[in-house]
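This is protein_22.txt (compact mmCIF, C-alpha atoms).
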```
# COMPACT_ATOMS: atom_id res chain seq x y z
CA MET L 1 146.29 45.64 102.33
CA THR L 2 146.86 46.10 105.96
CA ASN L 3 149.34 48.27 107.68
CA ILE L 4 149.91 48.74 111.34
CA SER L 5 152.26 51.38 112.48
CA ALA L 6 152.75 52.00 116.14
CA PHE L 7 154.44 54.88 117.78
CA ARG L 8 153.97 55.13 121.43
CA GLY L 9 155.74 55.88 124.62
CA GLU L 10 154.40 54.32 127.71
CA LYS L 11 156.07 55.28 130.88
CA LEU L 12 158.13 52.59 132.54
CA VAL L 13 157.09 49.71 130.32
CA LEU L 14 157.31 50.78 126.72
CA LYS L 15 159.18 53.80 125.52
CA LYS L 16 158.69 55.02 121.99
CA VAL L 17 158.35 51.74 120.22
CA ASN L 18 157.90 51.89 116.47
CA PHE L 19 157.08 49.29 113.91
CA SER L 20 154.82 48.57 110.99
CA LEU L 21 153.57 45.35 109.53
CA SER L 22 151.97 44.57 106.20
CA SER L 23 149.67 41.82 105.10
CA GLY L 24 151.36 38.41 105.10
CA GLU L 25 154.19 39.45 107.39
CA SER L 26 155.22 38.27 110.82
CA LEU L 27 156.84 40.04 113.71
CA ILE L 28 158.70 38.41 116.54
CA ILE L 29 158.99 40.48 119.71
CA LYS L 30 162.02 39.62 121.79
CA GLY L 31 163.34 40.99 125.00
CA PRO L 32 164.12 40.12 128.60
CA ASN L 33 161.41 39.45 131.18
CA GLY L 34 159.55 42.60 132.04
CA ALA L 35 160.50 44.38 128.83
CA GLY L 36 156.84 44.99 128.01
CA LYS L 37 156.25 42.29 125.43
CA SER L 38 152.86 41.25 126.77
CA THR L 39 151.89 44.87 127.35
CA LEU L 40 152.63 45.60 123.71
CA LEU L 41 150.35 42.74 122.64
CA ARG L 42 147.59 44.06 124.91
CA LEU L 43 147.91 47.50 123.34
CA LEU L 44 147.67 46.01 119.88
CA ALA L 45 144.56 44.05 120.84
CA GLY L 46 142.94 47.23 122.08
CA LEU L 47 142.61 45.75 125.56
CA ARG L 48 144.37 48.74 126.99
CA SER L 49 144.91 52.13 125.53
CA VAL L 50 148.20 53.82 124.80
CA ASP L 51 149.48 56.62 127.00
CA ALA L 52 151.25 58.36 124.17
CA GLY L 53 151.66 57.78 120.48
CA GLN L 54 149.19 55.94 118.34
CA ILE L 55 148.40 52.62 116.78
CA THR L 56 146.83 52.60 113.36
CA TRP L 57 145.17 49.83 111.44
CA ASN L 58 144.59 50.55 107.74
CA ASN L 59 145.27 54.21 108.52
CA GLN L 60 142.56 54.19 111.16
CA ASN L 61 143.46 55.07 114.68
CA ILE L 62 142.78 52.40 117.25
CA ALA L 63 142.23 54.53 120.27
CA GLU L 64 140.76 51.91 122.55
CA TYR L 65 138.57 48.85 122.58
CA SER L 66 136.21 48.80 119.65
CA TYR L 67 134.01 46.11 118.20
CA GLU L 68 135.48 46.47 114.72
CA HIS L 69 139.04 46.09 115.89
CA SER L 70 138.28 43.18 118.20
CA GLN L 71 137.14 41.24 115.14
CA ASN L 72 140.54 41.66 113.48
CA ILE L 73 142.29 39.90 116.29
CA ALA L 74 142.79 36.37 117.49
CA TRP L 75 144.41 36.38 120.88
CA LEU L 76 146.51 33.82 122.70
CA SER L 77 147.73 34.95 126.08
CA HIS L 78 150.35 33.22 128.17
CA GLN L 79 147.45 31.49 129.89
CA ASP L 80 145.43 28.88 128.04
CA SER L 81 142.07 30.26 129.23
CA LEU L 82 140.41 26.85 129.35
CA LYS L 83 137.74 25.73 131.78
CA PRO L 84 139.04 22.55 133.44
CA ALA L 85 135.61 20.94 133.79
CA LEU L 86 134.62 21.42 130.16
CA THR L 87 135.80 19.09 127.42
CA VAL L 88 138.13 20.24 124.66
CA LYS L 89 135.16 20.52 122.32
CA GLU L 90 133.03 22.48 124.79
CA ASN L 91 135.85 24.88 125.51
CA LEU L 92 136.10 25.77 121.84
CA GLN L 93 132.40 25.67 121.07
CA LEU L 94 131.62 29.31 121.80
CA THR L 95 134.23 30.62 119.35
CA SER L 96 133.29 28.17 116.62
CA GLN L 97 129.59 28.90 117.02
CA ILE L 98 130.02 32.66 116.93
CA TYR L 99 132.13 32.58 113.77
CA LYS L 100 130.47 29.47 112.32
CA THR L 101 133.83 27.79 111.79
CA ASP L 102 134.64 24.10 111.66
CA LEU L 103 135.64 22.92 115.11
CA TYR L 104 136.86 19.50 113.97
CA ALA L 105 139.04 20.93 111.22
CA ALA L 106 140.78 23.11 113.81
CA LEU L 107 141.21 20.17 116.18
CA LYS L 108 142.65 18.11 113.34
CA THR L 109 145.20 20.82 112.57
CA VAL L 110 146.54 20.64 116.12
CA ASN L 111 146.18 16.82 116.30
CA LEU L 112 143.61 16.77 119.06
CA THR L 113 140.68 15.09 117.35
CA HIS L 114 140.95 12.03 119.59
CA MET L 115 140.86 14.25 122.68
CA ALA L 116 137.72 16.17 121.72
CA ASP L 117 135.51 14.73 124.45
CA ILE L 118 138.00 14.70 127.29
CA PRO L 119 137.75 17.35 130.03
CA THR L 120 140.68 19.73 129.75
CA ARG L 121 141.71 19.11 133.36
CA MET L 122 142.93 15.66 132.21
CA LEU L 123 145.14 17.15 129.50
CA SER L 124 148.88 17.72 129.67
CA ALA L 125 150.28 21.25 129.50
CA GLY L 126 151.18 20.83 125.84
CA GLN L 127 147.77 19.49 124.94
CA LYS L 128 146.13 22.44 126.70
CA ARG L 129 148.34 24.79 124.70
CA ARG L 130 147.28 23.04 121.51
CA THR L 131 143.63 23.47 122.48
CA ALA L 132 144.25 27.18 123.01
CA LEU L 133 145.93 27.33 119.59
CA ALA L 134 142.90 25.66 118.03
CA ARG L 135 140.82 28.56 119.31
CA ILE L 136 143.05 30.93 117.32
CA LEU L 137 142.28 28.94 114.19
CA LEU L 138 138.54 29.16 114.86
CA LYS L 139 138.41 32.94 114.64
CA PRO L 140 138.65 34.33 111.12
CA ALA L 141 140.98 37.16 112.14
CA GLN L 142 143.61 38.98 110.14
CA LEU L 143 146.05 39.43 112.98
CA TRP L 144 147.21 36.82 115.42
CA LEU L 145 148.61 38.08 118.69
CA LEU L 146 150.45 35.22 120.35
CA ASP L 147 152.17 35.37 123.71
CA GLU L 148 154.74 32.59 123.83
CA PRO L 149 152.78 30.19 121.63
CA SER L 150 155.30 27.35 121.89
CA VAL L 151 155.34 27.00 125.68
CA GLY L 152 154.96 23.34 126.62
CA LEU L 153 154.87 22.10 123.04
CA ASP L 154 157.09 19.25 121.81
CA GLN L 155 159.47 19.63 118.85
CA GLU L 156 157.09 17.93 116.45
CA THR L 157 154.23 20.26 117.31
CA ILE L 158 156.49 23.31 117.07
CA GLN L 159 157.40 22.24 113.54
CA GLN L 160 153.71 21.89 112.79
CA LEU L 161 153.12 25.32 114.25
CA GLY L 162 155.56 26.57 111.60
CA CYS L 163 153.33 25.11 108.86
CA ILE L 164 150.24 26.71 110.43
CA PHE L 165 152.00 30.08 110.58
CA GLU L 166 153.22 29.82 106.99
CA ASN L 167 149.76 28.92 105.78
CA PHE L 168 148.26 31.88 107.58
CA ASN L 169 150.91 34.26 106.23
CA GLN L 170 150.28 33.04 102.70
CA GLN L 171 146.61 33.83 103.09
CA GLY L 172 147.60 37.38 103.93
CA GLY L 173 147.35 37.06 107.68
CA MET L 174 149.72 38.79 110.06
CA ILE L 175 151.33 37.30 113.13
CA ILE L 176 152.83 39.17 116.04
CA THR L 177 154.33 36.88 118.61
CA THR L 178 156.55 37.10 121.64
CA THR L 179 159.03 34.34 122.30
CA HIS L 180 162.16 33.37 124.14
CA VAL L 181 162.89 30.33 122.00
CA PRO L 182 163.39 30.14 118.23
CA LEU L 183 160.09 29.77 116.38
CA PRO L 184 159.76 28.33 112.89
CA LEU L 185 158.61 31.61 111.35
CA GLN L 186 159.88 32.40 107.87
CA ASN L 187 160.59 35.93 106.65
CA SER L 188 159.77 37.50 109.95
CA LYS L 189 160.80 40.86 111.30
CA VAL L 190 162.25 41.02 114.77
CA LEU L 191 161.58 43.72 117.34
CA HIS L 192 163.91 43.88 120.32
CA LEU L 193 162.45 45.45 123.41
CA THR L 194 164.58 46.67 126.25
CA PRO L 195 163.20 47.88 129.57
CA PRO L 196 163.37 51.68 129.61
CA THR L 197 165.91 52.98 132.09
CA SER L 198 164.44 56.37 132.76
CA MET L 199 161.04 57.96 132.62
CA ALA L 200 162.41 61.11 131.03
CA SER L 201 161.07 61.89 127.56
CA ALA L 202 158.76 58.90 127.63
CA LEU L 203 155.73 60.98 126.78
CA MET R 1 122.01 39.16 119.63
CA ARG R 2 122.93 35.61 118.61
CA ILE R 3 126.28 36.01 120.33
CA PHE R 4 124.49 37.19 123.45
CA PHE R 5 122.45 34.00 123.64
CA LEU R 6 125.49 31.86 122.91
CA PHE R 7 127.18 33.52 125.90
CA ILE R 8 124.21 32.76 128.13
CA ARG R 9 124.24 29.16 126.94
CA ARG R 10 127.90 28.91 127.89
CA GLU R 11 127.08 30.27 131.35
CA ILE R 12 124.40 27.64 131.87
CA GLN R 13 126.71 24.91 130.57
CA LEU R 14 129.44 26.02 132.96
CA SER R 15 127.12 26.12 135.94
CA LEU R 16 125.83 22.64 135.12
CA ARG R 17 129.39 21.36 135.09
CA TYR R 18 130.11 23.10 138.37
CA SER R 19 126.74 22.06 139.76
CA THR R 20 128.05 21.64 143.31
CA ASP R 21 128.44 25.43 143.44
CA SER R 22 124.79 26.00 142.54
CA LEU R 23 123.65 23.25 144.91
CA GLY R 24 125.71 24.81 147.67
CA THR R 25 123.83 28.07 147.21
CA ILE R 26 120.44 26.36 147.48
CA LEU R 27 121.56 24.35 150.48
CA PHE R 28 122.80 27.48 152.21
CA PHE R 29 119.44 29.14 151.62
CA ILE R 30 117.42 26.20 152.95
CA LEU R 31 119.66 25.71 155.97
CA THR R 32 119.81 29.34 157.09
CA ALA R 33 116.07 29.81 156.62
CA SER R 34 115.37 26.63 158.60
CA LEU R 35 117.50 27.75 161.50
CA PHE R 36 115.24 30.67 162.40
CA PRO R 37 112.26 28.61 163.64
CA LEU R 38 114.67 26.62 165.78
CA ALA R 39 116.09 29.73 167.37
CA LEU R 40 112.92 31.83 167.65
CA GLY R 41 110.47 29.10 168.57
CA PRO R 42 107.91 27.28 166.42
CA GLU R 43 104.85 29.38 167.17
CA PRO R 44 102.84 29.59 163.89
CA GLN R 45 101.68 33.17 164.37
CA LEU R 46 105.20 34.43 165.03
CA LEU R 47 106.64 32.52 162.09
CA ARG R 48 104.07 33.90 159.72
CA GLN R 49 104.86 37.39 160.87
CA ILE R 50 108.63 37.22 160.44
CA ALA R 51 108.66 34.91 157.41
CA PRO R 52 108.75 37.48 154.58
CA GLY R 53 111.71 39.31 156.08
CA ILE R 54 113.66 36.16 156.87
CA LEU R 55 113.13 34.59 153.47
CA TRP R 56 114.11 37.79 151.70
CA VAL R 57 117.32 38.18 153.70
CA CYS R 58 118.23 34.53 153.21
CA VAL R 59 117.61 34.67 149.46
CA LEU R 60 119.77 37.78 149.10
CA LEU R 61 122.59 36.28 151.13
CA ALA R 62 122.45 32.99 149.25
CA ALA R 63 122.38 34.67 145.85
CA LEU R 64 125.37 36.81 146.77
CA LEU R 65 127.48 33.75 147.62
CA PRO R 66 128.32 32.80 144.03
CA ILE R 67 128.41 36.36 142.65
CA GLU R 68 132.06 36.77 143.45
CA ARG R 69 132.86 33.88 141.15
CA LEU R 70 130.92 35.51 138.32
CA PHE R 71 134.03 37.04 136.79
CA ASN R 72 136.89 36.08 139.08
CA HIS R 73 137.60 32.77 137.35
CA GLU R 74 137.39 34.40 133.95
CA TYR R 75 139.74 37.08 135.10
CA GLU R 76 142.26 34.71 136.63
CA ASP R 77 142.48 32.20 133.79
CA GLY R 78 142.67 34.85 131.07
CA SER R 79 139.24 34.04 129.61
CA LEU R 80 138.13 37.62 130.15
CA GLU R 81 140.35 38.89 127.34
CA GLN R 82 139.14 36.11 125.07
CA LEU R 83 135.51 36.95 125.84
CA LEU R 84 136.07 40.68 125.29
CA LEU R 85 137.52 39.96 121.85
CA LEU R 86 134.61 37.79 120.75
CA GLY R 87 132.61 40.68 119.38
CA LEU R 88 130.16 41.33 122.20
CA PRO R 89 130.57 44.83 123.68
CA PRO R 90 131.67 44.82 127.35
CA TYR R 91 128.24 45.82 128.61
CA GLY R 92 126.69 43.01 126.59
CA LEU R 93 129.13 40.57 128.09
CA ALA R 94 128.32 41.85 131.57
CA LEU R 95 124.57 41.62 130.94
CA ALA R 96 124.94 38.07 129.60
CA LYS R 97 126.79 37.12 132.77
CA MET R 98 124.12 38.70 134.95
CA VAL R 99 121.33 36.93 133.10
CA GLY R 100 123.32 33.72 133.43
CA HIS R 101 123.68 34.29 137.17
CA TRP R 102 119.96 34.88 137.52
CA LEU R 103 119.05 31.79 135.53
CA THR R 104 121.43 29.54 137.44
CA THR R 105 121.00 30.93 140.98
CA GLY R 106 117.89 33.11 140.99
CA ILE R 107 115.50 30.56 139.53
CA PRO R 108 116.63 27.62 141.71
CA LEU R 109 116.30 29.88 144.75
CA LEU R 110 112.76 30.85 143.70
CA ILE R 111 111.83 27.19 143.43
CA ALA R 112 113.40 26.39 146.79
CA SER R 113 111.58 29.27 148.45
CA ILE R 114 108.14 27.73 147.75
CA PRO R 115 108.47 24.82 150.23
CA LEU R 116 110.17 27.14 152.68
CA ALA R 117 107.29 29.61 152.48
CA LEU R 118 104.90 26.77 153.27
CA MET R 119 107.10 25.73 156.14
CA PHE R 120 106.78 29.24 157.55
CA ASN R 121 103.02 28.91 157.49
CA PHE R 122 102.41 31.23 154.53
CA PRO R 123 98.79 31.21 153.40
CA TYR R 124 98.55 29.61 149.94
CA HIS R 125 97.07 32.69 148.31
CA ALA R 126 100.10 34.80 149.28
CA ILE R 127 102.65 32.55 147.57
CA PRO R 128 102.26 33.67 143.91
CA LEU R 129 102.82 37.32 144.80
CA PHE R 130 105.71 36.39 147.07
CA ILE R 131 107.41 34.48 144.25
CA LEU R 132 106.78 37.32 141.82
CA SER R 133 108.35 39.86 144.17
CA LEU R 134 111.31 37.56 144.79
CA MET R 135 111.70 37.12 141.05
CA VAL R 136 112.12 40.87 140.55
CA GLY R 137 114.27 41.05 143.68
CA THR R 138 116.71 38.34 142.59
CA ALA R 139 116.95 39.93 139.16
CA CYS R 140 117.90 43.24 140.83
CA LEU R 141 120.43 41.35 142.88
CA SER R 142 122.03 39.73 139.83
CA LEU R 143 122.32 43.15 138.20
CA LEU R 144 123.64 45.03 141.23
CA GLY R 145 125.87 42.22 142.44
CA GLY R 146 127.23 41.67 138.94
CA MET R 147 128.01 45.36 138.68
CA ALA R 148 129.82 45.33 142.03
CA THR R 149 131.89 42.29 141.01
CA CYS R 150 132.97 43.98 137.81
CA ILE R 151 133.96 47.13 139.66
CA ALA R 152 135.93 45.20 142.27
CA LEU R 153 137.45 42.86 139.67
CA GLY R 154 141.20 42.77 139.83
CA ALA R 155 141.33 44.68 143.09
CA ARG R 156 143.07 42.96 145.95
CA ARG R 157 140.75 41.86 148.75
CA ASN R 158 137.77 42.12 146.45
CA ALA R 159 135.94 39.54 148.55
CA PHE R 160 135.93 42.20 151.24
CA LEU R 161 134.89 45.03 148.92
CA LEU R 162 132.04 43.19 147.32
CA PRO R 163 129.50 43.09 150.18
CA LEU R 164 130.37 46.68 151.03
CA LEU R 165 129.50 47.74 147.51
CA THR R 166 126.44 45.57 147.07
CA PHE R 167 124.51 45.74 150.34
CA PRO R 168 123.91 49.51 150.47
CA LEU R 169 122.54 49.36 146.92
CA LEU R 170 120.39 46.39 147.79
CA THR R 171 118.65 47.92 150.80
CA PRO R 172 115.78 49.53 148.83
CA VAL R 173 115.17 46.22 147.06
CA LEU R 174 115.06 44.41 150.38
CA ILE R 175 112.77 46.96 152.04
CA PHE R 176 110.21 47.16 149.23
CA GLY R 177 110.39 43.43 148.56
CA ALA R 178 109.73 42.37 152.13
CA MET R 179 107.01 45.01 152.46
CA ILE R 180 105.02 43.57 149.56
CA THR R 181 104.28 40.26 151.26
CA ASP R 182 103.97 41.90 154.62
CA ALA R 183 101.31 44.25 153.27
CA GLN R 184 99.45 41.42 151.60
CA LEU R 185 99.43 39.30 154.77
CA HIS R 186 97.96 42.24 156.66
CA ALA R 187 95.40 42.82 153.92
CA LEU R 188 96.88 46.19 153.00
CA ASN R 189 97.51 47.67 149.58
CA TYR R 190 100.76 46.14 148.30
CA MET R 191 100.82 47.83 144.90
CA PRO R 192 103.00 50.85 145.87
CA HIS R 193 105.73 48.54 147.17
CA LEU R 194 105.53 46.35 144.10
CA GLN R 195 105.77 49.40 141.87
CA LEU R 196 108.76 50.74 143.77
CA LEU R 197 110.48 47.35 143.52
CA GLY R 198 109.76 47.36 139.80
CA ALA R 199 111.24 50.85 139.61
CA CYS R 200 114.45 49.60 141.23
CA PHE R 201 114.64 46.89 138.58
CA ALA R 202 113.85 49.31 135.76
CA LEU R 203 116.66 51.54 136.96
CA ALA R 204 119.18 48.75 137.44
CA LEU R 205 118.53 47.03 134.13
CA PRO R 206 119.94 49.69 131.81
CA LEU R 207 122.50 51.20 134.20
CA CYS R 208 124.25 48.22 135.83
CA PRO R 209 125.51 46.57 132.62
CA PHE R 210 127.10 49.83 131.49
CA VAL R 211 128.95 50.38 134.74
CA ALA R 212 129.90 46.71 134.79
CA GLY R 213 131.18 46.91 131.22
CA ALA R 214 133.42 49.83 132.10
CA GLY R 215 134.71 47.82 135.06
CA LEU R 216 135.47 44.85 132.83
CA LYS R 217 137.41 46.98 130.38
CA LEU R 218 139.49 48.41 133.20
CA ALA R 219 140.11 44.97 134.66
CA ALA R 220 141.34 43.65 131.30
CA GLU R 221 143.99 46.36 130.99
```
Encoded form using structure tokens:
Amino acid sequence: MTNISAFRGEKLVLKKVNFSLSSGESLIIKGPNGAGKSTLLRLLAGLRSVDAGQITWNNQNIAEYSYEHSQNIAWLSHQDSLKPALTVKENLQLTSQIYKTDLYAALKTVNLTHMADIPTRMLSAGQKRRTALARILLKPAQLWLLDEPSVGLDQETIQQLGCIFENFNQQGGMIITTTHVPLPLQNSKVLHLTPPTSMASAL
Amino acid sequence: MRIFFLFIRREIQLSLRYSTDSLGTILFFILTASLFPLALGPEPQLLRQIAPGILWVCVLLAALLPIERLFNHEYEDGSLEQLLLLGLPPYGLALAKMVGHWLTTGIPLLIASIPLALMFNFPYHAIPLFILSLMVGTACLSLLGGMATCIALGARRNAFLLPLLTFPLLTPVLIFGAMITDAQLHALNYMPHLQLLGACFALALPLCPFVAGAGLKLAAE
């Protein structure tokens, strides 16, 4: 059983945000540009530390970057983080080798098997996004942190994304995602972020 | 440990794909070193005398060319976060990058410096020691340069900051390194210089990755 509860106030960007998530649940973070959605994801990944409040994972405090916590997380930022000169396969190789996971199964899930040996600079924006999503599948993590996963994807792929999400939830995985467009996520909680208006009482 | 080697393999794979970058470094080294005889005159005695210093300076400059790219691309395309979450501690990631830099720039530069040393009228017996000292020197450079890149990562104008951070730290390496061959060519005892160069390396090896790792964590915030 996994439980994240977060209580933190970060001046200017995030002010006293609270939520908790259990195994098999999803959370959609909504809010206008600059509301701190990506910052929140970074905090949860342990990439930056909170200025006030705390984040706990299984009742353990995640103060800052730690090896143990980094293994709980699969991360998709708003960038695809692909090397243009490497092929789709080569871009994903490192992750699949480290975790000894099946690269082709992940490519099949995102319908990119036929593109495996093509350099990513030749790919369309949507195909690059799908490659980045395949990297999520290659890491056996319990929590997916996704920053706008559906950017550049066509309707069909977004539907498929829904199946991938549902599958992951059923296996007990948790998803926290930011989005501006509706995502096919069933039984998800929603967290609305608003940009804080004043710095008073943020800490 | 396995992850560490996988990281280094990725570095080598990337540098093979961007091989024009590595070739550019070698070409820069060969061209700058070849310009000195043209400017200073081709007298063999003079060339032999100035050769160790010139080759050392050129190697350091050439090896520093690609060091800025060590983490900048990773930082800009978001790969840095991905790499940090792959289970290698930040200092391990930094060390893997430094080793990768040495393997892909240091070693080719060492190989290229052999014909150049001959061109500068080095006696054959001095070449093995010269290569050995350069080997330690380039390794120091990968460590110190890598550390400086990580510190400057994410800062604006970091191309400007980088040489300012690296060169002061590199001066002992340059002085001891050039002195080794100089001492040998004048039939003096070169061991103290070699030991001091080794000491620089022994100091940089454990310290640089830690500082670099802290820099990486800050850059990823």
Near segment 28-40 of chain R, 12 Å: segment 57-128 of chain R residue rows, closest pairs, only C-alpha atoms, as JSON lines:
```
{"residue": "R:Val57", "atom": "CA", "partner": "R:Ala33", "partner_atom": "CA", "distance": 9.0}
{"residue": "R:Cys58", "atom": "CA", "partner": "R:Phe29", "partner_atom": "CA", "distance": 5.7}
{"residue": "R:Val59", "atom": "CA", "partner": "R:Phe29", "partner_atom": "CA", "distance": 6.2}
{"residue": "R:Leu60", "atom": "CA", "partner": "R:Phe29", "partner_atom": "CA", "distance": 9.0}
{"residue": "R:Leu61", "atom": "CA", "partner": "R:Phe29", "partner_atom": "CA", "distance": 7.8}
{"residue": "R:Ala62", "atom": "CA", "partner": "R:Phe29", "partner_atom": "CA", "distance": 5.4}
{"residue": "R:Ala63", "atom": "CA", "partner": "R:Phe29", "partner_atom": "CA", "distance": 8.5}
{"residue": "R:Leu64", "atom": "CA", "partner": "R:Phe29", "partner_atom": "CA", "distance": 10.8}
{"residue": "R:Leu65", "atom": "CA", "partner": "R:Phe28", "partner_atom": "CA", "distance": 9.1}
{"residue": "R:Pro66", "atom": "CA", "partner": "R:Phe28", "partner_atom": "CA", "distance": 11.2}
{"residue": "R:Thr105", "atom": "CA", "partner": "R:Phe29", "partner_atom": "CA", "distance": 10.9}
{"residue": "R:Gly106", "atom": "CA", "partner": "R:Phe29", "partner_atom": "CA", "distance": 11.5}
{"residue": "R:Pro108", "atom": "CA", "partner": "R:Phe29", "partner_atom": "CA", "distance": 10.4}
{"residue": "R:Leu109", "atom": "CA", "partner": "R:Phe29", "partner_atom": "CA", "distance": 7.6}
{"residue": "R:Leu110", "atom": "CA", "partner": "R:Phe29", "partner_atom": "CA", "distance": 10.5}
{"residue": "R:Ile111", "atom": "CA", "partner": "R:Ile30", "partner_atom": "CA", "distance": 11.1}
{"residue": "R:Ala112", "atom": "CA", "partner": "R:Ile30", "partner_atom": "CA", "distance": 7.4}
{"residue": "R:Ser113", "atom": "CA", "partner": "R:Ile30", "partner_atom": "CA", "distance": 8.0}
{"residue": "R:Ile114", "atom": "CA", "partner": "R:Ile30", "partner_atom": "CA", "distance": 10.7}
{"residue": "R:Pro115", "atom": "CA", "partner": "R:Ile30", "partner_atom": "CA", "distance": 9.5}
{"residue": "R:Leu116", "atom": "CA", "partner": "R:Ile30", "partner_atom": "CA", "distance": 7.3}
{"residue": "R:Ala117", "atom": "CA", "partner": "R:Ala33", "partner_atom": "CA", "distance": 9.7}
{"residue": "R:Leu118", "atom": "CA", "partner": "R:Ser34", "partner_atom": "CA", "distance": 11.7}
{"residue": "R:Met119", "atom": "CA", "partner": "R:Ser34", "partner_atom": "CA", "distance": 8.7}
{"residue": "R:Phe120", "atom": "CA", "partner": "R:Pro37", "partner_atom": "CA", "distance": 8.2}
{"residue": "R:Asn121", "atom": "CA", "partner": "R:Pro37", "partner_atom": "CA", "distance": 11.1}
```
Could you make a table, as JSON lines, of the residues of chain R that have an atom within 8 Å of an atom of chain L, each with its nearest atom pair and distance in Å to one decimal, counting all atoms listed in the file, in chain and number order?
```
{"residue": "R:Arg2", "atom": "CA", "partner": "L:Ile98", "partner_atom": "CA", "distance": 7.9}
{"residue": "R:Ile3", "atom": "CA", "partner": "L:Ile98", "partner_atom": "CA", "distance": 6.1}
{"residue": "R:Leu6", "atom": "CA", "partner": "L:Leu94", "partner_atom": "CA", "distance": 6.7}
{"residue": "R:Phe7", "atom": "CA", "partner": "L:Leu94", "partner_atom": "CA", "distance": 7.4}
{"residue": "R:Arg10", "atom": "CA", "partner": "L:Leu94", "partner_atom": "CA", "distance": 7.1}
{"residue": "R:Leu14", "atom": "CA", "partner": "L:Leu86", "partner_atom": "CA", "distance": 7.5}
{"residue": "R:Arg17", "atom": "CA", "partner": "L:Ala85", "partner_atom": "CA", "distance": 6.4}
{"residue": "R:Tyr18", "atom": "CA", "partner": "L:Ala85", "partner_atom": "CA", "distance": 7.5}
{"residue": "R:Glu74", "atom": "CA", "partner": "L:Ser81", "partner_atom": "CA", "distance": 7.8}
{"residue": "R:Asp77", "atom": "CA", "partner": "L:Ser81", "partner_atom": "CA", "distance": 5.0}
{"residue": "R:Gly78", "atom": "CA", "partner": "L:Ser81", "partner_atom": "CA", "distance": 5.0}
{"residue": "R:Ser79", "atom": "CA", "partner": "L:Ser81", "partner_atom": "CA", "distance": 4.7}
{"residue": "R:Glu81", "atom": "CA", "partner": "L:Leu47", "partner_atom": "CA", "distance": 7.4}
{"residue": "R:Gln82", "atom": "CA", "partner": "L:Trp75", "partner_atom": "CA", "distance": 6.7}
{"residue": "R:Leu84", "atom": "CA", "partner": "L:Ser70", "partner_atom": "CA", "distance": 7.8}
{"residue": "R:Leu85", "atom": "CA", "partner": "L:Ser70", "partner_atom": "CA", "distance": 4.9}
{"residue": "R:Leu86", "atom": "CA", "partner": "L:Ser70", "partner_atom": "CA", "distance": 7.0}
{"residue": "R:Gly87", "atom": "CA", "partner": "L:Tyr67", "partner_atom": "CA", "distance": 5.7}
{"residue": "R:Leu88", "atom": "CA", "partner": "L:Tyr67", "partner_atom": "CA", "distance": 7.3}
{"residue": "R:Pro89", "atom": "CA", "partner": "L:Tyr67", "partner_atom": "CA", "distance": 6.6}
{"residue": "R:Lys217", "atom": "CA", "partner": "L:Leu47", "partner_atom": "CA", "distance": 7.2}
{"residue": "R:Leu218", "atom": "CA", "partner": "L:Arg48", "partner_atom": "CA", "distance": 7.9}
{"residue": "R:Ala220", "atom": "CA", "partner": "L:Leu47", "partner_atom": "CA", "distance": 6.2}
{"residue": "R:Glu221", "atom": "CA", "partner": "L:Arg48", "partner_atom": "CA", "distance": 4.7}
```
Atomic distance atom CA of Gln49 of chain R - atom CA of Ile127 of chain R, expressed in Å with one decimal: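 Calculated distance between atom CA of Gln49 of chain R and atom CA of Ile127 of chain R is 14.3 Å.
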Gap from atom CA of Lys30 of chain L to atom CA of Gly173 of chain L - Å, one decimal: 20.5 Å
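Residues lying within 7 Å of Lys189 of chain L, counting only C-alpha atoms and ignoring same-chain neighbours fewer than 6 positions away, are L:Ser26, L:Leu27, L:Ile28.
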Deliver the residues from the most recent selection as a file, using C-alpha atoms, as a tab-separated table (two decimals), keeping the file's coordinate frame.
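out.tsv written:
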```
chain	number	residue	atom	x	y	z
L	26	SER	CA	155.22	38.27	110.82
L	27	LEU	CA	156.84	40.04	113.71
L	28	ILE	CA	158.70	38.41	116.54
```
Taking the partial coordinates given, rebuild segment 70-76 of chain R to contain N, CA and C atoms; return it as a PDB file, in the coordinates of the input.
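That gives us part37.pdb:
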```
ATOM      1  N   LEU R  70     131.478  35.176 139.623  1.00  0.00           N
ATOM      2  CA  LEU R  70     130.920  35.510 138.320  1.00  0.00           C
ATOM      3  C   LEU R  70     132.020  35.835 137.295  1.00  0.00           C
ATOM      4  N   PHE R  71     132.966  36.659 137.721  1.00  0.00           N
ATOM      5  CA  PHE R  71     134.030  37.040 136.790  1.00  0.00           C
ATOM      6  C   PHE R  71     135.424  36.673 137.277  1.00  0.00           C
ATOM      7  N   ASN R  72     135.547  36.312 138.554  1.00  0.00           N
ATOM      8  CA  ASN R  72     136.890  36.080 139.080  1.00  0.00           C
ATOM      9  C   ASN R  72     137.641  34.971 138.347  1.00  0.00           C
ATOM     10  N   HIS R  73     136.936  33.856 138.073  1.00  0.00           N
ATOM     11  CA  HIS R  73     137.600  32.770 137.350  1.00  0.00           C
ATOM     12  C   HIS R  73     138.023  33.224 135.965  1.00  0.00           C
ATOM     13  N   GLU R  74     137.102  33.927 135.307  1.00  0.00           N
ATOM     14  CA  GLU R  74     137.390  34.400 133.950  1.00  0.00           C
ATOM     15  C   GLU R  74     138.593  35.333 133.954  1.00  0.00           C
ATOM     16  N   TYR R  75     138.649  36.122 134.996  1.00  0.00           N
ATOM     17  CA  TYR R  75     139.740  37.080 135.100  1.00  0.00           C
ATOM     18  C   TYR R  75     141.061  36.356 135.352  1.00  0.00           C
ATOM     19  N   GLU R  76     141.018  35.368 136.241  1.00  0.00           N
ATOM     20  CA  GLU R  76     142.260  34.710 136.630  1.00  0.00           C
ATOM     21  C   GLU R  76     142.823  33.807 135.537  1.00  0.00           C
TER      22      GLU R  76
END
```
